[in-house]
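First comes the structure, then the notes that go with it.
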There are 2 protein chains.
Amino acid sequence: MSLVVRPSPAIWVDGEPATALPIPDRGLDFGDGLFETLLVRQGQPVLLDYHLQRLQHGIEALAFPDCLPRARDHLASACKQLIGTPWAALRLTVTRGAGPRGYAPPERVVPRTIITSAPLQQDRDELSAPITLGWAEVAWSIQPRLAGIKHLNRLEQVLAANEARALGVDEVVMLDARGLVCSVSAANLFLVEDGRLLTPSLEYVGIAGTRRRLVIEQLAPALNIEVVQRDVHAAQLEQAAELFCCNAIRGLQPVSRLGEQHWQDHPVCSALHAGYREAVAC
Amino acid sequence: MSLVVRPSPAIWVDGEPATALPIPDRGLDFGDGLFETLLVRQGQPVLLDYHLQRLQHGIEALAFPDCLPRARDHLASACKQLIGTPWAALRLTVTRGAGPRGYAPPERVVPRTIITSAPLQQDRDELSAPITLGWAEVAWSIQPRLAGIKHLNRLEQVLAANEARALGVDEVVMLDARGLVCSVSAANLFLVEDGRLLTPSLEYVGIAGTRRRLVIEQLAPALNIEVVQRDVHAAQLEQAAELFCCNAIRGLQPVSRLGEQHWQDHPVCSALHAGYREAVAC
């Protein structure tokens with residue numbers, strides 16, 4: 001094992017270098033906030049517009065005052081510090097800030113931004129090695145008011161990630177409370193079926209991933225592959241011609257195993273990855 | 001309006017006076033933690049055992065390492081500072097502490113405790129003034145793995161509290177995703193029906209309040225009133241002989257109005273309050 005000296009993660013609170021979050025903060029108290037995890041290449045955030053648009057949806061869903069311009073400015077300042085770093089993962093968190101005791105937000109809300117970044121050791125241009133999946137026991141609860149956005153209430157995903165570790169798999173498929181497929185714990189999920197791509201619709205559960213959107217809007221159309229967003233049943237997964245996951249940091253990840261089913265080749269995922277490479281080259 | 005000088009809230013992190021939380025912390029990142037809000041009378045936490053037992057259930061549900069003794073020690077130290085304060089609200093938060101990026105907890109978890117306290121201006125011995133209720137639009141999502149415990153994922157309650165403000169009522173009744181009554185946003189709910197008390201069962205949703213437990217285990221039995229925990233339908237509420245809410249800080253709160261229905265007298269709630277007074281006198 002080689003010894004790699006990793007720089008400490010960098011942290012900014014409201015645009016200033018920091019090591020701690022002022023208390024009280026409603027992000028800590030109630031998970032009253034949102035986050036985005038961005039891949040940053042040489043100081044350039046990848047798919048920034050997609051991230052900011054999802055953040056804006058969250059700001060509206062939670063009825064935060066308009067804080068997008070400020071968050072964008074703080075993000076830009078943090079990214080400047082990452083010029084010279086080949087690849088970094090940057091987390092932007094926006095909370096509803098301080099408030100008195102109780103769930104009701106204060107009359108005057110001053111949102112806070114918290115940014116943390118850490119260099120990534122691995123090159124992000126290459127297609128990820130195939131991953132193994134299991135089935136999560138914990139379900140993703142149905143909440144149309146919060147579906148799609150990336151808020152800070154993520155205990156179900158934490159429980160699922162714990163299950164993945166216990167099962168010895170890379171990720172677990174989460175069903176929702178209706179028994180329909182949602183995603184894996186930290187990435188969206190696509191199936192190849194009859195030459196088309198299927199992915200669960202996310203009106204009631206789930207997080208609308210930036211890479212999911214990229215596949216739907218850009219990568220699949222560029223290859224003339226149809227994408228359908230709809231209810232996906234558990235039984236469809238093991239029967240799929242191919243499965244892959246995607247998220248901002250890992251990119252596209254072909255699936256090599258789910259339960260008893262194995263997949264050796266991932267021609268569709270590999271083909272889509274060529275477009276993905278270009279997209280992250282920004 | 002009289003000018004009251006209020007002391008600043010006191011804050012401790014891991015038992016030390018503090019003003020900020022070290023970053024990263026999984027409590028902020030994912031709501032990966034638990035909390036208790038205690039009523040403290042002259043430095044004495046009221047119903048401490050009930051609070052610690054619920055906290056322990058949460059620690060087990062989230063698979064935290066055993067951190068109850070440490071949390072109890074930090075709580076005891078904070079309470080010592082409140083001797084001489086007639087009434088205070090103390091919040092004890094326990095998070096899974098620091099961790100690397102991603103939902104999966106680190107191999108070695110070191111939970112953090114965060115305590116904040118603030119004096120309460122109002123005497124807590126008297127029965128609360130009656131409160132008004134409306135109906136929440138946001139539903140409480142069904143998640144048996146997290147039901148009953150008081151975790152940090154509280155966005156649904158934040159949305160509900162926002163709705164209460166918009167409706168101009170003190171609180172809103174939240175239904176669960178099945179359409180059954182759960183509670184109000186920040187308190188449990190009891191109905192008086194045919195001389196019995198009814199309260200929603202909490203296997204799938206809700207928070208198992210310490211005052212709810214006090215009513216069920218001590219206050220109602222002392223008056224020979226039967227308590228039934230079961231499914232409660234929305235239509236039952238407006239037809240109830242009496243409604244009341246309860247939580248740790250507000251105690252028992254009779255309901256004066258819900259929708260078109262008004263209640264002037266609250267004989268059962270008033271009778272239970274006599275026992276409640278004794279319980280908080282500890």
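As shown in the structure tokens, the chain order sets the letters A, B, ...; within each chain, residues go from 1, and ligands are also counted from 1 in the order they appear.
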
Give me the residues of chain A that have any atom at most 7 Å from an atom of chain B; for each, the nearest atom pair and the distance in Å, rounded to one decimal. Use only C-alpha atoms, sort by chain and number, and format it as CSV.
residue,atom,partner,partner_atom,distance
A:Thr19,CA,B:Ile23,CA,5.8
A:Ala20,CA,B:Pro22,CA,4.2
A:Leu21,CA,B:Leu21,CA,5.0
A:Pro22,CA,B:Ala20,CA,4.2
A:Ile23,CA,B:Ala20,CA,5.0
A:Gly27,CA,B:Leu28,CA,5.6
A:Leu28,CA,B:Leu28,CA,4.3
A:Asp29,CA,B:Leu152,CA,6.4
A:Phe30,CA,B:Arg154,CA,4.8
A:Gly31,CA,B:Gly31,CA,5.0
A:Asp32,CA,B:Leu155,CA,5.9
A:Tyr103,CA,B:Val158,CA,4.9
A:Ala104,CA,B:Ala161,CA,4.9
A:Ser141,CA,B:Ser141,CA,5.9
A:Ile142,CA,B:Ser141,CA,5.9
A:Gln143,CA,B:Ser141,CA,6.0
A:Leu152,CA,B:Phe30,CA,5.0
A:Asn153,CA,B:Asn153,CA,4.6
A:Arg154,CA,B:Phe30,CA,4.8
A:Leu155,CA,B:Asp32,CA,5.9
A:Gln157,CA,B:Tyr103,CA,6.4
A:Val158,CA,B:Tyr103,CA,4.9
A:Ala161,CA,B:Ala104,CA,4.9
A:Asn162,CA,B:Ala104,CA,5.8

Next on the checklist: Among stretch 2-139 of chain B, which ones does DSSP assign to helix (DSSP H, G or I) (computed from the backbone)? Answer as number ranges by chain.
Outcome noted: B: 26-30, 48-61, 68-80

Checklist entry - Just asking: which residues within stretch 105-174 of chain A are strand (DSSP E) according to DSSP, as a PyMOL selection string? => result chain A and resi 112-119+131-135+171-174

Selection above as a file: N, CA, C and O atoms, as a PDB file, in the first residue's frame:
ATOM      1  N   ARG A 112     -27.804  29.854   5.131  1.00  0.00           N
ATOM      2  CA  ARG A 112     -26.348  29.709   5.226  1.00  0.00           C
ATOM      3  C   ARG A 112     -25.861  28.773   4.134  1.00  0.00           C
ATOM      4  O   ARG A 112     -26.536  27.808   3.806  1.00  0.00           O
ATOM      5  N   THR A 113     -24.673  29.046   3.620  1.00  0.00           N
ATOM      6  CA  THR A 113     -24.048  28.081   2.706  1.00  0.00           C
ATOM      7  C   THR A 113     -22.832  27.486   3.385  1.00  0.00           C
ATOM      8  O   THR A 113     -22.067  28.191   4.056  1.00  0.00           O
ATOM      9  N   ILE A 114     -22.685  26.191   3.243  1.00  0.00           N
ATOM     10  CA  ILE A 114     -21.518  25.481   3.761  1.00  0.00           C
ATOM     11  C   ILE A 114     -20.926  24.721   2.578  1.00  0.00           C
ATOM     12  O   ILE A 114     -21.633  23.971   1.902  1.00  0.00           O
ATOM     13  N   ILE A 115     -19.650  24.933   2.327  1.00  0.00           N
ATOM     14  CA  ILE A 115     -18.990  24.242   1.222  1.00  0.00           C
ATOM     15  C   ILE A 115     -17.813  23.452   1.765  1.00  0.00           C
ATOM     16  O   ILE A 115     -17.018  23.975   2.554  1.00  0.00           O
ATOM     17  N   THR A 116     -17.751  22.193   1.369  1.00  0.00           N
ATOM     18  CA  THR A 116     -16.577  21.389   1.706  1.00  0.00           C
ATOM     19  C   THR A 116     -16.070  20.786   0.403  1.00  0.00           C
ATOM     20  O   THR A 116     -16.851  20.453  -0.486  1.00  0.00           O
ATOM     21  N   SER A 117     -14.758  20.688   0.289  1.00  0.00           N
ATOM     22  CA  SER A 117     -14.234  20.046  -0.914  1.00  0.00           C
ATOM     23  C   SER A 117     -13.062  19.153  -0.554  1.00  0.00           C
ATOM     24  O   SER A 117     -12.365  19.399   0.438  1.00  0.00           O
ATOM     25  N   ALA A 118     -12.908  18.129  -1.324  1.00  0.00           N
ATOM     26  CA  ALA A 118     -11.795  17.201  -1.108  1.00  0.00           C
ATOM     27  C   ALA A 118     -11.340  16.676  -2.456  1.00  0.00           C
ATOM     28  O   ALA A 118     -12.171  16.383  -3.322  1.00  0.00           O
ATOM     29  N   PRO A 119     -10.032  16.584  -2.664  1.00  0.00           N
ATOM     30  CA  PRO A 119      -9.538  16.073  -3.943  1.00  0.00           C
ATOM     31  C   PRO A 119      -9.924  14.597  -4.133  1.00  0.00           C
ATOM     32  O   PRO A 119     -10.047  13.858  -3.168  1.00  0.00           O
ATOM     33  N   ILE A 131     -20.115  -2.679 -10.725  1.00  0.00           N
ATOM     34  CA  ILE A 131     -20.427  -2.774  -9.291  1.00  0.00           C
ATOM     35  C   ILE A 131     -21.459  -3.870  -9.038  1.00  0.00           C
ATOM     36  O   ILE A 131     -22.198  -4.267  -9.939  1.00  0.00           O
ATOM     37  N   THR A 132     -21.478  -4.328  -7.788  1.00  0.00           N
ATOM     38  CA  THR A 132     -22.431  -5.364  -7.382  1.00  0.00           C
ATOM     39  C   THR A 132     -23.558  -4.726  -6.577  1.00  0.00           C
ATOM     40  O   THR A 132     -23.339  -3.799  -5.799  1.00  0.00           O
ATOM     41  N   LEU A 133     -24.754  -5.250  -6.786  1.00  0.00           N
ATOM     42  CA  LEU A 133     -25.933  -4.727  -6.081  1.00  0.00           C
ATOM     43  C   LEU A 133     -26.592  -5.811  -5.235  1.00  0.00           C
ATOM     44  O   LEU A 133     -26.572  -6.991  -5.590  1.00  0.00           O
ATOM     45  N   GLY A 134     -27.202  -5.386  -4.138  1.00  0.00           N
ATOM     46  CA  GLY A 134     -28.103  -6.231  -3.360  1.00  0.00           C
ATOM     47  C   GLY A 134     -29.442  -5.514  -3.254  1.00  0.00           C
ATOM     48  O   GLY A 134     -29.662  -4.481  -3.901  1.00  0.00           O
ATOM     49  N   TRP A 135     -30.321  -6.055  -2.447  1.00  0.00           N
ATOM     50  CA  TRP A 135     -31.634  -5.444  -2.226  1.00  0.00           C
ATOM     51  C   TRP A 135     -31.671  -4.829  -0.838  1.00  0.00           C
ATOM     52  O   TRP A 135     -31.348  -5.487   0.143  1.00  0.00           O
ATOM     53  N   GLU A 171     -23.642  -1.518  -3.641  1.00  0.00           N
ATOM     54  CA  GLU A 171     -24.835  -0.689  -3.513  1.00  0.00           C
ATOM     55  C   GLU A 171     -26.058  -1.579  -3.321  1.00  0.00           C
ATOM     56  O   GLU A 171     -26.020  -2.777  -3.600  1.00  0.00           O
ATOM     57  N   VAL A 172     -27.153  -0.962  -2.854  1.00  0.00           N
ATOM     58  CA  VAL A 172     -28.409  -1.706  -2.702  1.00  0.00           C
ATOM     59  C   VAL A 172     -29.532  -0.992  -3.440  1.00  0.00           C
ATOM     60  O   VAL A 172     -29.625   0.239  -3.426  1.00  0.00           O
ATOM     61  N   VAL A 173     -30.383  -1.771  -4.078  1.00  0.00           N
ATOM     62  CA  VAL A 173     -31.570  -1.246  -4.741  1.00  0.00           C
ATOM     63  C   VAL A 173     -32.617  -0.945  -3.668  1.00  0.00           C
ATOM     64  O   VAL A 173     -32.918  -1.794  -2.835  1.00  0.00           O
ATOM     65  N   MET A 174     -33.137   0.274  -3.687  1.00  0.00           N
ATOM     66  CA  MET A 174     -34.192   0.663  -2.744  1.00  0.00           C
ATOM     67  C   MET A 174     -35.546   0.663  -3.455  1.00  0.00           C
ATOM     68  O   MET A 174     -35.709   1.295  -4.497  1.00  0.00           O
TER      69      MET A 174
END

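Neighbouring residues of B:Asp231 at 10 Å or closer, counting only C-alpha atoms and skipping chain neighbours under 6 positions away, are Leu180, Val181, Cys182, Leu198, Thr199, Pro200, Ser201 and Leu202 of chain B.
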
Please dump the current selection as a PDB file, in the first residue's frame; keep C-alpha atoms.
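Ended up saving to out.pdb:
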ATOM      1  CA  LEU B 180     -54.920   8.233   9.049  1.00  0.00           C
ATOM      2  CA  VAL B 181     -54.377  10.807  11.777  1.00  0.00           C
ATOM      3  CA  CYS B 182     -50.811  10.928  13.125  1.00  0.00           C
ATOM      4  CA  LEU B 198     -57.919   7.533  21.868  1.00  0.00           C
ATOM      5  CA  THR B 199     -54.536   8.332  20.389  1.00  0.00           C
ATOM      6  CA  PRO B 200     -53.030   7.227  17.071  1.00  0.00           C
ATOM      7  CA  SER B 201     -50.792   4.167  17.225  1.00  0.00           C
ATOM      8  CA  LEU B 202     -47.290   4.961  16.039  1.00  0.00           C
TER       9      LEU B 202
END

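With only C-alpha atoms as the atoms that count, the residue of B:Val169, B:Ala234, B:Val280, B:Val40 with the shortest distance to B:Arg257 is B:Val169.
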
Item to check | Shell of 8 Å around A:Leu272, only C-alpha atoms, local chain residues under 6 positions omitted, as a VMD selection string | outcome: chain A and resid 215 219 to 220 223

Item to check | Surrounding residues of A:Ala248 excluding itself and chain neighbours under 4 positions, 9 Å, only C-alpha atoms, as a list in words | outcome: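 My reading of the contact set: Thr37, Leu38, Leu39, Val46, Leu47, Ala89, Ala187, Gly209, Thr210, Arg211 and Leu252 of chain A.
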
I need the residues from that last selection saved to file as a PDB file, in the first residue's frame (with N, CA and C atoms), if you can.
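New file result.pdb:
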ATOM      1  N   THR A  37     -23.729  17.743  -4.604  1.00  0.00           N
ATOM      2  CA  THR A  37     -22.363  17.234  -4.630  1.00  0.00           C
ATOM      3  C   THR A  37     -21.865  17.349  -6.059  1.00  0.00           C
ATOM      4  N   LEU A  38     -20.873  18.202  -6.267  1.00  0.00           N
ATOM      5  CA  LEU A  38     -20.405  18.491  -7.619  1.00  0.00           C
ATOM      6  C   LEU A  38     -19.031  17.880  -7.876  1.00  0.00           C
ATOM      7  N   LEU A  39     -18.868  17.429  -9.093  1.00  0.00           N
ATOM      8  CA  LEU A  39     -17.553  17.025  -9.565  1.00  0.00           C
ATOM      9  C   LEU A  39     -16.870  18.275 -10.122  1.00  0.00           C
ATOM     10  N   VAL A  46     -18.590  20.589 -12.975  1.00  0.00           N
ATOM     11  CA  VAL A  46     -19.174  19.882 -14.116  1.00  0.00           C
ATOM     12  C   VAL A  46     -20.702  19.927 -14.016  1.00  0.00           C
ATOM     13  N   LEU A  47     -21.355  20.217 -15.116  1.00  0.00           N
ATOM     14  CA  LEU A  47     -22.831  20.287 -15.175  1.00  0.00           C
ATOM     15  C   LEU A  47     -23.409  21.244 -14.131  1.00  0.00           C
ATOM     16  N   ALA A  89     -14.253  16.543  -5.321  1.00  0.00           N
ATOM     17  CA  ALA A  89     -15.680  16.463  -4.998  1.00  0.00           C
ATOM     18  C   ALA A  89     -15.980  17.653  -4.112  1.00  0.00           C
ATOM     19  N   ALA A 187     -27.305   6.713  -5.973  1.00  0.00           N
ATOM     20  CA  ALA A 187     -27.198   6.902  -7.421  1.00  0.00           C
ATOM     21  C   ALA A 187     -28.534   6.536  -8.049  1.00  0.00           C
ATOM     22  N   GLY A 209     -31.313  12.940 -10.146  1.00  0.00           N
ATOM     23  CA  GLY A 209     -29.872  13.120 -10.295  1.00  0.00           C
ATOM     24  C   GLY A 209     -29.501  13.912 -11.538  1.00  0.00           C
ATOM     25  N   THR A 210     -28.396  14.648 -11.416  1.00  0.00           N
ATOM     26  CA  THR A 210     -27.916  15.427 -12.570  1.00  0.00           C
ATOM     27  C   THR A 210     -27.461  14.503 -13.699  1.00  0.00           C
ATOM     28  N   ARG A 211     -26.847  13.357 -13.359  1.00  0.00           N
ATOM     29  CA  ARG A 211     -26.386  12.430 -14.410  1.00  0.00           C
ATOM     30  C   ARG A 211     -27.558  11.672 -15.008  1.00  0.00           C
ATOM     31  N   LEU A 252     -21.088   7.036 -14.751  1.00  0.00           N
ATOM     32  CA  LEU A 252     -21.882   5.847 -15.082  1.00  0.00           C
ATOM     33  C   LEU A 252     -21.190   4.622 -14.510  1.00  0.00           C
TER      34      LEU A 252
END

Next on the checklist: Between A:Leu243, A:Ala281, A:Leu127, A:Val109, which residue has the minimum interatomic distance to A:Gln264, considering only C-alpha atoms?
Outcome noted: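 Looking at the shortest contact to A:Gln264, the residue is A:Leu243.
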
Item to check | Distance in Å - atom CA of B:Phe190 versus atom CA of B:Pro86 | outcome: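 Computing the Euclidean distance for atom CA of B:Phe190 and atom CA of B:Pro86 yields 28.7 Å.
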